[in-house]
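Visitor: Input file: start_37.txt. Contents: compact mmCIF, N, CA and C atoms.
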# COMPACT_ATOMS: atom_id res chain seq x y z
N MET E 127 -189.31 -128.86 47.71
CA MET E 127 -190.20 -128.26 46.73
C MET E 127 -191.23 -129.28 46.24
N GLN E 128 -190.84 -130.52 46.05
CA GLN E 128 -191.74 -131.56 45.57
C GLN E 128 -192.87 -131.80 46.58
N VAL E 129 -192.56 -131.73 47.87
CA VAL E 129 -193.59 -131.92 48.89
C VAL E 129 -194.62 -130.79 48.81
N GLU E 130 -194.16 -129.57 48.55
CA GLU E 130 -195.09 -128.44 48.43
C GLU E 130 -196.05 -128.65 47.26
N THR E 131 -195.55 -129.16 46.15
CA THR E 131 -196.39 -129.44 44.99
C THR E 131 -197.42 -130.51 45.32
N ALA E 132 -196.98 -131.56 45.99
CA ALA E 132 -197.88 -132.63 46.40
C ALA E 132 -198.93 -132.11 47.37
N ARG E 133 -198.50 -131.34 48.34
CA ARG E 133 -199.43 -130.80 49.34
C ARG E 133 -200.49 -129.93 48.65
N SER E 134 -200.08 -129.14 47.68
CA SER E 134 -201.02 -128.29 46.97
C SER E 134 -202.06 -129.12 46.22
N ALA E 135 -201.63 -130.16 45.51
CA ALA E 135 -202.56 -131.02 44.77
C ALA E 135 -203.51 -131.73 45.74
N ILE E 136 -202.97 -132.24 46.84
CA ILE E 136 -203.79 -132.95 47.83
C ILE E 136 -204.81 -132.01 48.47
N ASP E 137 -204.36 -130.83 48.87
CA ASP E 137 -205.28 -129.90 49.52
C ASP E 137 -206.36 -129.40 48.56
N THR E 138 -206.03 -129.26 47.29
CA THR E 138 -207.04 -128.88 46.30
C THR E 138 -208.04 -130.02 46.13
N PHE E 139 -207.55 -131.25 46.07
CA PHE E 139 -208.43 -132.42 46.01
C PHE E 139 -209.36 -132.44 47.22
N MET E 140 -208.80 -132.28 48.41
CA MET E 140 -209.60 -132.31 49.63
C MET E 140 -210.63 -131.18 49.66
N SER E 141 -210.28 -130.04 49.11
CA SER E 141 -211.21 -128.90 49.13
C SER E 141 -212.46 -129.17 48.30
N ALA E 142 -212.39 -130.09 47.34
CA ALA E 142 -213.58 -130.43 46.55
C ALA E 142 -214.69 -130.99 47.44
N PHE E 143 -214.32 -131.70 48.49
CA PHE E 143 -215.32 -132.25 49.41
C PHE E 143 -216.04 -131.15 50.18
N ASN E 144 -215.37 -130.01 50.34
CA ASN E 144 -215.89 -128.92 51.16
C ASN E 144 -216.33 -127.71 50.34
N ALA E 145 -216.43 -127.85 49.03
CA ALA E 145 -216.80 -126.73 48.17
C ALA E 145 -218.15 -126.17 48.60
N SER E 146 -218.30 -124.87 48.46
CA SER E 146 -219.54 -124.23 48.88
C SER E 146 -220.72 -124.60 47.99
N ASP E 147 -220.42 -125.10 46.79
CA ASP E 147 -221.47 -125.45 45.83
C ASP E 147 -220.98 -126.61 44.97
N ASP E 148 -221.87 -127.51 44.59
CA ASP E 148 -221.50 -128.64 43.74
C ASP E 148 -220.85 -128.20 42.43
N ASN E 149 -221.20 -127.02 41.95
CA ASN E 149 -220.64 -126.53 40.69
C ASN E 149 -219.13 -126.34 40.74
N TYR E 150 -218.55 -126.18 41.92
CA TYR E 150 -217.11 -125.97 42.06
C TYR E 150 -216.33 -127.28 42.12
N VAL E 151 -217.01 -128.39 42.36
CA VAL E 151 -216.34 -129.67 42.56
C VAL E 151 -215.51 -130.06 41.33
N THR E 152 -216.10 -130.00 40.16
CA THR E 152 -215.39 -130.39 38.94
C THR E 152 -214.15 -129.53 38.72
N ASP E 153 -214.28 -128.24 38.91
CA ASP E 153 -213.15 -127.33 38.71
C ASP E 153 -212.01 -127.64 39.67
N LEU E 154 -212.33 -127.86 40.93
CA LEU E 154 -211.29 -128.18 41.91
C LEU E 154 -210.61 -129.50 41.58
N LEU E 155 -211.39 -130.51 41.22
CA LEU E 155 -210.79 -131.80 40.88
C LEU E 155 -209.91 -131.69 39.63
N SER E 156 -210.32 -130.88 38.66
CA SER E 156 -209.53 -130.68 37.44
C SER E 156 -208.20 -130.00 37.73
N GLN E 157 -208.14 -129.23 38.79
CA GLN E 157 -206.89 -128.57 39.18
C GLN E 157 -205.95 -129.52 39.90
N ALA E 158 -206.47 -130.60 40.47
CA ALA E 158 -205.67 -131.50 41.30
C ALA E 158 -205.35 -132.84 40.64
N LEU E 159 -206.20 -133.29 39.71
CA LEU E 159 -206.09 -134.64 39.17
C LEU E 159 -205.80 -134.63 37.67
N THR E 160 -205.12 -135.69 37.21
CA THR E 160 -204.98 -135.88 35.77
C THR E 160 -206.31 -136.35 35.21
N SER E 161 -206.54 -136.15 33.93
CA SER E 161 -207.82 -136.54 33.34
C SER E 161 -208.02 -138.05 33.36
N ASP E 162 -206.92 -138.81 33.41
CA ASP E 162 -207.00 -140.28 33.42
C ASP E 162 -206.73 -140.87 34.81
N VAL E 163 -207.01 -140.11 35.85
CA VAL E 163 -206.75 -140.56 37.21
C VAL E 163 -207.37 -141.93 37.46
N VAL E 164 -206.64 -142.78 38.17
CA VAL E 164 -207.14 -144.09 38.59
C VAL E 164 -207.49 -143.98 40.07
N PHE E 165 -208.73 -144.32 40.40
CA PHE E 165 -209.24 -144.16 41.76
C PHE E 165 -209.59 -145.52 42.32
N TRP E 166 -208.91 -145.89 43.40
CA TRP E 166 -209.19 -147.14 44.12
C TRP E 166 -209.94 -146.74 45.38
N GLY E 167 -211.26 -146.82 45.34
CA GLY E 167 -212.08 -146.39 46.46
C GLY E 167 -212.74 -147.56 47.15
N PRO E 168 -213.62 -147.27 48.09
CA PRO E 168 -214.30 -148.31 48.85
C PRO E 168 -215.10 -149.28 47.99
N LEU E 169 -215.52 -148.85 46.82
CA LEU E 169 -216.34 -149.71 45.95
C LEU E 169 -215.55 -150.29 44.78
N GLY E 170 -214.23 -150.17 44.83
CA GLY E 170 -213.42 -150.75 43.78
C GLY E 170 -212.69 -149.71 42.95
N ARG E 171 -212.26 -150.13 41.77
CA ARG E 171 -211.42 -149.31 40.89
C ARG E 171 -212.28 -148.59 39.86
N SER E 172 -211.95 -147.32 39.64
CA SER E 172 -212.60 -146.56 38.58
C SER E 172 -211.57 -145.61 37.98
N GLU E 173 -211.90 -145.02 36.85
CA GLU E 173 -210.96 -144.14 36.17
C GLU E 173 -211.63 -142.85 35.74
N GLY E 174 -210.84 -141.78 35.74
CA GLY E 174 -211.29 -140.49 35.24
C GLY E 174 -211.82 -139.57 36.32
N ILE E 175 -211.76 -138.29 36.00
CA ILE E 175 -212.22 -137.27 36.95
C ILE E 175 -213.70 -137.46 37.26
N ALA E 176 -214.50 -137.85 36.27
CA ALA E 176 -215.94 -138.02 36.51
C ALA E 176 -216.21 -139.07 37.58
N ALA E 177 -215.42 -140.13 37.60
CA ALA E 177 -215.61 -141.18 38.62
C ALA E 177 -215.27 -140.65 40.01
N VAL E 178 -214.18 -139.88 40.11
CA VAL E 178 -213.81 -139.29 41.40
C VAL E 178 -214.86 -138.26 41.81
N GLU E 179 -215.33 -137.50 40.85
CA GLU E 179 -216.36 -136.50 41.13
C GLU E 179 -217.62 -137.16 41.69
N GLN E 180 -218.01 -138.29 41.16
CA GLN E 180 -219.20 -138.99 41.67
C GLN E 180 -218.98 -139.41 43.12
N PHE E 181 -217.78 -139.91 43.43
CA PHE E 181 -217.45 -140.29 44.81
C PHE E 181 -217.55 -139.07 45.73
N VAL E 182 -216.94 -137.96 45.31
CA VAL E 182 -216.97 -136.74 46.12
C VAL E 182 -218.41 -136.28 46.34
N ARG E 183 -219.20 -136.28 45.29
CA ARG E 183 -220.61 -135.85 45.43
C ARG E 183 -221.39 -136.78 46.35
N ASP E 184 -221.10 -138.07 46.30
CA ASP E 184 -221.77 -139.02 47.21
C ASP E 184 -221.42 -138.71 48.66
N ILE E 185 -220.16 -138.42 48.92
CA ILE E 185 -219.74 -138.06 50.29
C ILE E 185 -220.40 -136.76 50.72
N ARG E 186 -220.48 -135.80 49.80
CA ARG E 186 -221.10 -134.50 50.11
C ARG E 186 -222.58 -134.65 50.45
N ARG E 187 -223.20 -135.72 49.99
CA ARG E 187 -224.63 -135.96 50.26
C ARG E 187 -224.82 -137.00 51.36
N HIS E 188 -223.92 -137.02 52.31
CA HIS E 188 -223.99 -137.99 53.40
C HIS E 188 -225.35 -137.88 54.09
N PRO E 189 -225.97 -139.02 54.41
CA PRO E 189 -227.30 -139.00 55.04
C PRO E 189 -227.35 -138.19 56.35
N ALA E 190 -226.25 -138.09 57.05
CA ALA E 190 -226.23 -137.34 58.31
C ALA E 190 -226.07 -135.84 58.08
N GLY E 191 -225.91 -135.44 56.83
CA GLY E 191 -225.75 -134.02 56.51
C GLY E 191 -224.40 -133.74 55.88
N THR E 192 -224.28 -132.56 55.34
CA THR E 192 -223.03 -132.17 54.69
C THR E 192 -221.91 -132.14 55.72
N GLY E 193 -220.89 -132.91 55.47
CA GLY E 193 -219.78 -133.01 56.41
C GLY E 193 -218.58 -132.17 55.99
N THR E 194 -217.52 -132.34 56.72
CA THR E 194 -216.28 -131.63 56.45
C THR E 194 -215.15 -132.65 56.34
N MET E 195 -214.38 -132.54 55.26
CA MET E 195 -213.23 -133.41 55.01
C MET E 195 -211.97 -132.57 55.19
N VAL E 196 -211.05 -133.04 56.03
CA VAL E 196 -209.79 -132.30 56.23
C VAL E 196 -208.61 -133.27 56.25
N ARG E 197 -207.49 -132.77 55.77
CA ARG E 197 -206.23 -133.50 55.91
C ARG E 197 -205.77 -133.25 57.33
N CYS E 198 -205.45 -134.32 58.07
CA CYS E 198 -205.11 -134.16 59.48
C CYS E 198 -203.70 -134.68 59.78
N SER E 199 -202.84 -134.71 58.76
CA SER E 199 -201.46 -135.11 58.98
C SER E 199 -200.58 -134.32 58.01
N ALA E 200 -199.31 -134.46 58.21
CA ALA E 200 -198.37 -133.92 57.23
C ALA E 200 -198.45 -134.79 55.98
N VAL E 201 -197.84 -134.32 54.91
CA VAL E 201 -197.74 -135.09 53.67
C VAL E 201 -196.40 -135.81 53.70
N ASP E 202 -196.43 -137.12 53.63
CA ASP E 202 -195.23 -137.95 53.65
C ASP E 202 -194.96 -138.39 52.22
N MET E 203 -193.81 -137.99 51.67
CA MET E 203 -193.58 -138.20 50.25
C MET E 203 -192.23 -138.83 49.97
N PRO E 204 -192.18 -140.15 49.85
CA PRO E 204 -190.95 -140.78 49.36
C PRO E 204 -191.01 -140.91 47.83
N ASP E 205 -190.43 -139.94 47.13
CA ASP E 205 -190.40 -139.87 45.68
C ASP E 205 -191.77 -139.46 45.14
N GLU E 206 -192.33 -140.18 44.15
CA GLU E 206 -193.59 -139.72 43.54
C GLU E 206 -194.83 -140.25 44.26
N TRP E 207 -194.67 -141.11 45.25
CA TRP E 207 -195.79 -141.60 46.04
C TRP E 207 -195.92 -140.76 47.31
N THR E 208 -197.15 -140.51 47.72
CA THR E 208 -197.42 -139.66 48.87
C THR E 208 -198.54 -140.27 49.69
N ARG E 209 -198.45 -140.10 51.00
CA ARG E 209 -199.56 -140.53 51.86
C ARG E 209 -199.88 -139.42 52.85
N TYR E 210 -201.12 -139.44 53.29
CA TYR E 210 -201.58 -138.48 54.29
C TYR E 210 -202.83 -139.05 54.95
N ARG E 211 -203.13 -138.56 56.13
CA ARG E 211 -204.33 -139.00 56.85
C ARG E 211 -205.40 -137.93 56.70
N TRP E 212 -206.63 -138.36 56.74
CA TRP E 212 -207.76 -137.45 56.63
C TRP E 212 -208.84 -137.85 57.63
N VAL E 213 -209.74 -136.91 57.87
CA VAL E 213 -210.89 -137.19 58.72
C VAL E 213 -212.11 -136.50 58.11
N PHE E 214 -213.22 -137.22 58.14
CA PHE E 214 -214.50 -136.69 57.67
C PHE E 214 -215.44 -136.67 58.85
N THR E 215 -216.02 -135.52 59.14
CA THR E 215 -216.98 -135.41 60.24
C THR E 215 -218.28 -134.83 59.70
N THR E 216 -219.38 -135.30 60.24
CA THR E 216 -220.69 -134.79 59.86
C THR E 216 -221.16 -133.83 60.95
N PRO E 217 -222.15 -133.01 60.62
CA PRO E 217 -222.59 -131.98 61.57
C PRO E 217 -223.14 -132.54 62.88
N ASP E 218 -223.12 -131.71 63.87
CA ASP E 218 -223.74 -132.01 65.16
C ASP E 218 -223.25 -133.30 65.80
N GLY E 219 -221.96 -133.59 65.66
CA GLY E 219 -221.39 -134.77 66.29
C GLY E 219 -221.83 -136.07 65.67
N GLY E 220 -222.25 -136.02 64.41
CA GLY E 220 -222.69 -137.22 63.70
C GLY E 220 -221.52 -138.14 63.39
N PRO E 221 -221.72 -139.08 62.49
CA PRO E 221 -220.68 -140.05 62.16
C PRO E 221 -219.36 -139.40 61.77
N ARG E 222 -218.28 -140.04 62.17
CA ARG E 222 -216.93 -139.57 61.87
C ARG E 222 -216.19 -140.74 61.26
N LEU E 223 -215.44 -140.46 60.21
CA LEU E 223 -214.65 -141.49 59.56
C LEU E 223 -213.25 -140.95 59.32
N ALA E 224 -212.25 -141.76 59.59
CA ALA E 224 -210.87 -141.36 59.36
C ALA E 224 -210.22 -142.40 58.45
N GLY E 225 -209.16 -142.00 57.80
CA GLY E 225 -208.46 -142.93 56.93
C GLY E 225 -207.16 -142.37 56.43
N THR E 226 -206.57 -143.09 55.51
CA THR E 226 -205.31 -142.72 54.89
C THR E 226 -205.45 -142.86 53.39
N ASP E 227 -204.98 -141.87 52.66
CA ASP E 227 -204.93 -141.97 51.21
C ASP E 227 -203.47 -142.09 50.80
N VAL E 228 -203.23 -142.87 49.77
CA VAL E 228 -201.93 -142.96 49.13
C VAL E 228 -202.15 -142.47 47.71
N VAL E 229 -201.38 -141.48 47.30
CA VAL E 229 -201.55 -140.93 45.95
C VAL E 229 -200.22 -140.94 45.21
N HIS E 230 -200.33 -141.02 43.90
CA HIS E 230 -199.17 -140.96 43.01
C HIS E 230 -199.30 -139.69 42.20
N LEU E 231 -198.19 -138.99 42.02
CA LEU E 231 -198.21 -137.75 41.26
C LEU E 231 -197.46 -137.89 39.94
N ARG E 232 -198.02 -137.26 38.93
CA ARG E 232 -197.39 -137.17 37.61
C ARG E 232 -197.57 -135.74 37.13
N ARG E 233 -196.47 -135.10 36.82
CA ARG E 233 -196.48 -133.71 36.36
C ARG E 233 -197.27 -132.81 37.32
N SER E 234 -197.02 -132.95 38.59
CA SER E 234 -197.61 -132.11 39.64
C SER E 234 -199.10 -132.35 39.89
N LEU E 235 -199.67 -133.38 39.26
CA LEU E 235 -201.08 -133.71 39.48
C LEU E 235 -201.20 -135.14 39.97
N ILE E 236 -202.27 -135.42 40.68
CA ILE E 236 -202.53 -136.77 41.19
C ILE E 236 -203.05 -137.63 40.04
N ASP E 237 -202.36 -138.75 39.78
CA ASP E 237 -202.84 -139.65 38.73
C ASP E 237 -203.31 -140.99 39.27
N GLN E 238 -203.11 -141.24 40.57
CA GLN E 238 -203.65 -142.43 41.22
C GLN E 238 -203.99 -142.09 42.67
N ILE E 239 -205.12 -142.59 43.11
CA ILE E 239 -205.56 -142.39 44.50
C ILE E 239 -205.98 -143.75 45.04
N ILE E 240 -205.45 -144.11 46.19
CA ILE E 240 -205.87 -145.32 46.89
C ILE E 240 -206.41 -144.87 48.24
N VAL E 241 -207.67 -145.16 48.50
CA VAL E 241 -208.34 -144.73 49.73
C VAL E 241 -208.41 -145.89 50.71
N PHE E 242 -207.88 -145.68 51.90
CA PHE E 242 -208.01 -146.64 53.00
C PHE E 242 -208.87 -145.95 54.06
N ALA E 243 -210.13 -146.35 54.16
CA ALA E 243 -211.04 -145.74 55.12
C ALA E 243 -211.12 -146.60 56.37
N GLY E 244 -211.14 -145.95 57.51
CA GLY E 244 -211.24 -146.66 58.78
C GLY E 244 -209.87 -146.95 59.37
N GLU E 245 -209.89 -147.41 60.57
CA GLU E 245 -208.67 -147.74 61.29
C GLU E 245 -208.24 -149.16 60.99
N ILE E 246 -206.96 -149.42 61.04
CA ILE E 246 -206.44 -150.78 60.90
C ILE E 246 -206.47 -151.43 62.27
N GLU E 247 -207.06 -152.60 62.34
CA GLU E 247 -207.14 -153.30 63.62
C GLU E 247 -205.76 -153.82 64.01
N SER E 248 -205.52 -153.88 65.31
CA SER E 248 -204.27 -154.44 65.80
C SER E 248 -204.20 -155.92 65.48
N SER E 249 -203.01 -156.40 65.22
CA SER E 249 -202.87 -157.83 64.95
C SER E 249 -202.86 -158.59 66.26
N ALA E 250 -203.43 -159.77 66.22
CA ALA E 250 -203.43 -160.63 67.42
C ALA E 250 -202.09 -161.33 67.47
N SER E 251 -201.31 -161.03 68.51
CA SER E 251 -199.99 -161.66 68.62
C SER E 251 -199.95 -162.64 69.74
Give the structure from this file in structure tokens form.

Guide:
Amino acid sequence: MQVETARSAIDTFMSAFNASDDNYVTDLLSQALTSDVVFWGPLGRSEGIAAVEQFVRDIRRHPAGTGTMVRCSAVDMPDEWTRYRWVFTTPDGGPRLAGTDVVHLRRSLIDQIIVFAGEIESSAS
């Protein structure tokens, strides 16, 4: 049951990237995130739904065009921490980015997000 709750919050968060209109982004994020969410993104640490919303809106305005963000793995949840893989693709075969997010849940909402964008390089052994 806990995995279903996590999957729902994650999928609602991911749907904000694909909202049909910018006006829906805030509502979707409010359904998925705590008001004091801590976001560790590519540009560092920020707090609050407004900070996550700015990140989402920046992705939605990708120079190559409006892209699509999808969860492309199962949700792996050992206790209150969860991880999943995602992929972002832009129209017409444009840039593609994949990564992994690690999220923490509190009261069925995401209160921390750590974004790992890109692939991890193999170690030289």

Visitor: Would you pick out the contacts of range 134-148 of chain E at 7 Å or less, using only N, CA and C atoms, so that residues sharing its chain but fewer than 4 positions from it are not included, and give the list as a PyMOL selection string?

Guide: chain E and resi 129-130+152+154-155+157-159+182-183+185-186+193-197+234-236

Visitor: Choose the residue, out of E:Asn149, E:Thr215, E:Ser248, E:Gln180, that has the smallest atom-to-atom separation from Cys198 in chain E; count only C-alpha atoms.

Guide: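 Closest to Cys198 in chain E, using only C-alpha atoms: E:Thr215.
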
Visitor: Would you list the contacts of range 238-247 of chain E as a PDB file with N, CA and C atoms, keeping the file's coordinate frame, taking every protein, DNA or RNA residue within 8 Å and counting only N, CA and C atoms, but skipping same-chain residues closer than 6 positions in sequence?

Guide:
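Produced file selection32.pdb, reproduced below:
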ATOM      1  N   LEU E 159    -206.200-133.290  39.710  1.00  0.00           N
ATOM      2  CA  LEU E 159    -206.090-134.640  39.170  1.00  0.00           C
ATOM      3  C   LEU E 159    -205.800-134.630  37.670  1.00  0.00           C
ATOM      4  N   THR E 160    -205.120-135.690  37.210  1.00  0.00           N
ATOM      5  CA  THR E 160    -204.980-135.880  35.770  1.00  0.00           C
ATOM      6  C   THR E 160    -206.310-136.350  35.210  1.00  0.00           C
ATOM      7  N   ASP E 162    -206.920-138.810  33.410  1.00  0.00           N
ATOM      8  CA  ASP E 162    -207.000-140.280  33.420  1.00  0.00           C
ATOM      9  C   ASP E 162    -206.730-140.870  34.810  1.00  0.00           C
ATOM     10  N   VAL E 163    -207.010-140.110  35.850  1.00  0.00           N
ATOM     11  CA  VAL E 163    -206.750-140.560  37.210  1.00  0.00           C
ATOM     12  C   VAL E 163    -207.370-141.930  37.460  1.00  0.00           C
ATOM     13  N   VAL E 164    -206.640-142.780  38.170  1.00  0.00           N
ATOM     14  CA  VAL E 164    -207.140-144.090  38.590  1.00  0.00           C
ATOM     15  C   VAL E 164    -207.490-143.980  40.070  1.00  0.00           C
ATOM     16  N   PHE E 165    -208.730-144.320  40.400  1.00  0.00           N
ATOM     17  CA  PHE E 165    -209.240-144.160  41.760  1.00  0.00           C
ATOM     18  C   PHE E 165    -209.590-145.520  42.320  1.00  0.00           C
ATOM     19  N   TRP E 166    -208.910-145.890  43.400  1.00  0.00           N
ATOM     20  CA  TRP E 166    -209.190-147.140  44.120  1.00  0.00           C
ATOM     21  C   TRP E 166    -209.940-146.740  45.380  1.00  0.00           C
ATOM     22  N   GLY E 167    -211.260-146.820  45.340  1.00  0.00           N
ATOM     23  CA  GLY E 167    -212.080-146.390  46.460  1.00  0.00           C
ATOM     24  C   GLY E 167    -212.740-147.560  47.150  1.00  0.00           C
ATOM     25  N   PRO E 168    -213.620-147.270  48.090  1.00  0.00           N
ATOM     26  CA  PRO E 168    -214.300-148.310  48.850  1.00  0.00           C
ATOM     27  C   PRO E 168    -215.100-149.280  47.990  1.00  0.00           C
ATOM     28  N   LEU E 223    -215.440-140.460  60.210  1.00  0.00           N
ATOM     29  CA  LEU E 223    -214.650-141.490  59.560  1.00  0.00           C
ATOM     30  C   LEU E 223    -213.250-140.950  59.320  1.00  0.00           C
ATOM     31  N   ALA E 224    -212.250-141.760  59.590  1.00  0.00           N
ATOM     32  CA  ALA E 224    -210.870-141.360  59.360  1.00  0.00           C
ATOM     33  C   ALA E 224    -210.220-142.400  58.450  1.00  0.00           C
ATOM     34  N   GLY E 225    -209.160-142.000  57.800  1.00  0.00           N
ATOM     35  CA  GLY E 225    -208.460-142.930  56.930  1.00  0.00           C
ATOM     36  C   GLY E 225    -207.160-142.370  56.430  1.00  0.00           C
ATOM     37  N   THR E 226    -206.570-143.090  55.510  1.00  0.00           N
ATOM     38  CA  THR E 226    -205.310-142.720  54.890  1.00  0.00           C
ATOM     39  C   THR E 226    -205.450-142.860  53.390  1.00  0.00           C
ATOM     40  N   ASP E 227    -204.980-141.870  52.660  1.00  0.00           N
ATOM     41  CA  ASP E 227    -204.930-141.970  51.210  1.00  0.00           C
ATOM     42  C   ASP E 227    -203.470-142.090  50.800  1.00  0.00           C
ATOM     43  N   VAL E 228    -203.230-142.870  49.770  1.00  0.00           N
ATOM     44  CA  VAL E 228    -201.930-142.960  49.130  1.00  0.00           C
ATOM     45  C   VAL E 228    -202.150-142.470  47.710  1.00  0.00           C
ATOM     46  N   VAL E 229    -201.380-141.480  47.300  1.00  0.00           N
ATOM     47  CA  VAL E 229    -201.550-140.930  45.950  1.00  0.00           C
ATOM     48  C   VAL E 229    -200.220-140.940  45.210  1.00  0.00           C
ATOM     49  N   HIS E 230    -200.330-141.020  43.900  1.00  0.00           N
ATOM     50  CA  HIS E 230    -199.170-140.960  43.010  1.00  0.00           C
ATOM     51  C   HIS E 230    -199.300-139.690  42.200  1.00  0.00           C
ATOM     52  N   LEU E 231    -198.190-138.990  42.020  1.00  0.00           N
ATOM     53  CA  LEU E 231    -198.210-137.750  41.260  1.00  0.00           C
ATOM     54  C   LEU E 231    -197.460-137.890  39.940  1.00  0.00           C
ATOM     55  N   ARG E 232    -198.020-137.260  38.930  1.00  0.00           N
ATOM     56  CA  ARG E 232    -197.390-137.170  37.610  1.00  0.00           C
ATOM     57  C   ARG E 232    -197.570-135.740  37.130  1.00  0.00           C
TER      58      ARG E 232
END

Visitor: Rounded to one decimal in Å, what is the spacing between atom N of Pro204 in chain E and CA of Thr131 in chain E?

Guide: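 Going from atom N of Pro204 in chain E over to CA of Thr131 in chain E covers 12.5 Å.
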
Visitor: By how many Å are atom C of Ile175 in chain E and atom N of Asp237 in chain E apart?

Guide: 11.7 Å

Visitor: What is the distance, in Å and to one decimal place, between atom N of Pro221 in chain E and CA of Val151 in chain E?

Guide: 22.7 Å

Visitor: Pick out the closest residue to Arg133 in chain E from this set: E:Ala200, E:Ser172, E:Val178, E:Asp184. Count only N, CA and C atoms.

Guide: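 The answer is E:Ala200, which sits nearest to Arg133 in chain E.
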
Visitor: Could you pull out the residues in range 148-243 of chain E that DSSP calls helix (DSSP H, G or I) from the backbone, as a list in words?

Guide: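 Filtering range 148-243 of chain E to helix (DSSP H, G or I) leaves Asp148, Asn149, Tyr150, Val151, Thr152, Asp153, Leu154, Leu155, Ser156, Gln157, Ala158, Ile175, Ala176, Ala177, Val178, Glu179, Gln180, Phe181, Val182, Arg183, Asp184, Ile185, Arg186, Pro217, Asp218 and Gly219 of chain E.
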
Visitor: Would you please work out which residue, of E:Pro217, E:Arg171, E:Ala176, E:Thr208, is nearest to Gly191 in chain E when using only N, CA and C atoms?

Guide: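 Using only N, CA and C atoms, Gly191 in chain E sits closest to E:Pro217.
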
Visitor: Given 3 Å on each side, where is the centre and what are the edge lengths in Å to one decimal of the axis-aligned box enclosing the listed atoms of range 158-162 of chain E, as AutoDock Vina command-line options?

Guide:
--center_x -206.5 --center_y -135.7 --center_z 37.3 --size_x 9.0 --size_y 16.3 --size_z 14.0

Visitor: Running DSSP on the backbone, which parts of range 145-250 of chain E land in strand (DSSP E or B), as number ranges by chain?

Guide: E: 159-167, 170-173, 194-197, 202, 207-215, 222-232, 235-243

Visitor: Any chance you could build range 236-247 of chain E out to N, CA, C and O atoms and write it as a CSV table (one decimal), in the coordinates of the input?

Guide:
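Below you can see part.csv, which holds the result:
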chain,number,residue,atom,x,y,z
E,236,ILE,N,-202.3,-135.4,40.7
E,236,ILE,CA,-202.5,-136.8,41.2
E,236,ILE,C,-203.0,-137.6,40.0
E,236,ILE,O,-204.1,-137.3,39.4
E,237,ASP,N,-202.4,-138.8,39.8
E,237,ASP,CA,-202.8,-139.6,38.7
E,237,ASP,C,-203.3,-141.0,39.3
E,237,ASP,O,-203.9,-141.8,38.5
E,238,GLN,N,-203.1,-141.2,40.6
E,238,GLN,CA,-203.6,-142.4,41.2
E,238,GLN,C,-204.0,-142.1,42.7
E,238,GLN,O,-203.2,-141.4,43.3
E,239,ILE,N,-205.1,-142.6,43.1
E,239,ILE,CA,-205.6,-142.4,44.5
E,239,ILE,C,-206.0,-143.8,45.0
E,239,ILE,O,-206.8,-144.4,44.4
E,240,ILE,N,-205.4,-144.1,46.2
E,240,ILE,CA,-205.9,-145.3,46.9
E,240,ILE,C,-206.4,-144.9,48.2
E,240,ILE,O,-205.7,-144.3,49.0
E,241,VAL,N,-207.7,-145.2,48.5
E,241,VAL,CA,-208.3,-144.7,49.7
E,241,VAL,C,-208.4,-145.9,50.7
E,241,VAL,O,-208.9,-147.0,50.4
E,242,PHE,N,-207.9,-145.7,51.9
E,242,PHE,CA,-208.0,-146.6,53.0
E,242,PHE,C,-208.9,-146.0,54.1
E,242,PHE,O,-208.4,-145.1,54.7
E,243,ALA,N,-210.1,-146.4,54.2
E,243,ALA,CA,-211.0,-145.7,55.1
E,243,ALA,C,-211.1,-146.6,56.4
E,243,ALA,O,-211.2,-147.8,56.3
E,244,GLY,N,-211.1,-146.0,57.5
E,244,GLY,CA,-211.2,-146.7,58.8
E,244,GLY,C,-209.9,-147.0,59.4
E,244,GLY,O,-208.8,-146.7,58.7
E,245,GLU,N,-209.9,-147.4,60.6
E,245,GLU,CA,-208.7,-147.7,61.3
E,245,GLU,C,-208.2,-149.2,61.0
E,245,GLU,O,-209.1,-150.0,60.7
E,246,ILE,N,-207.0,-149.4,61.0
E,246,ILE,CA,-206.4,-150.8,60.9
E,246,ILE,C,-206.5,-151.4,62.3
E,246,ILE,O,-206.0,-150.9,63.2
E,247,GLU,N,-207.1,-152.6,62.3
E,247,GLU,CA,-207.1,-153.3,63.6
E,247,GLU,C,-205.8,-153.8,64.0
E,247,GLU,O,-204.9,-154.2,63.2
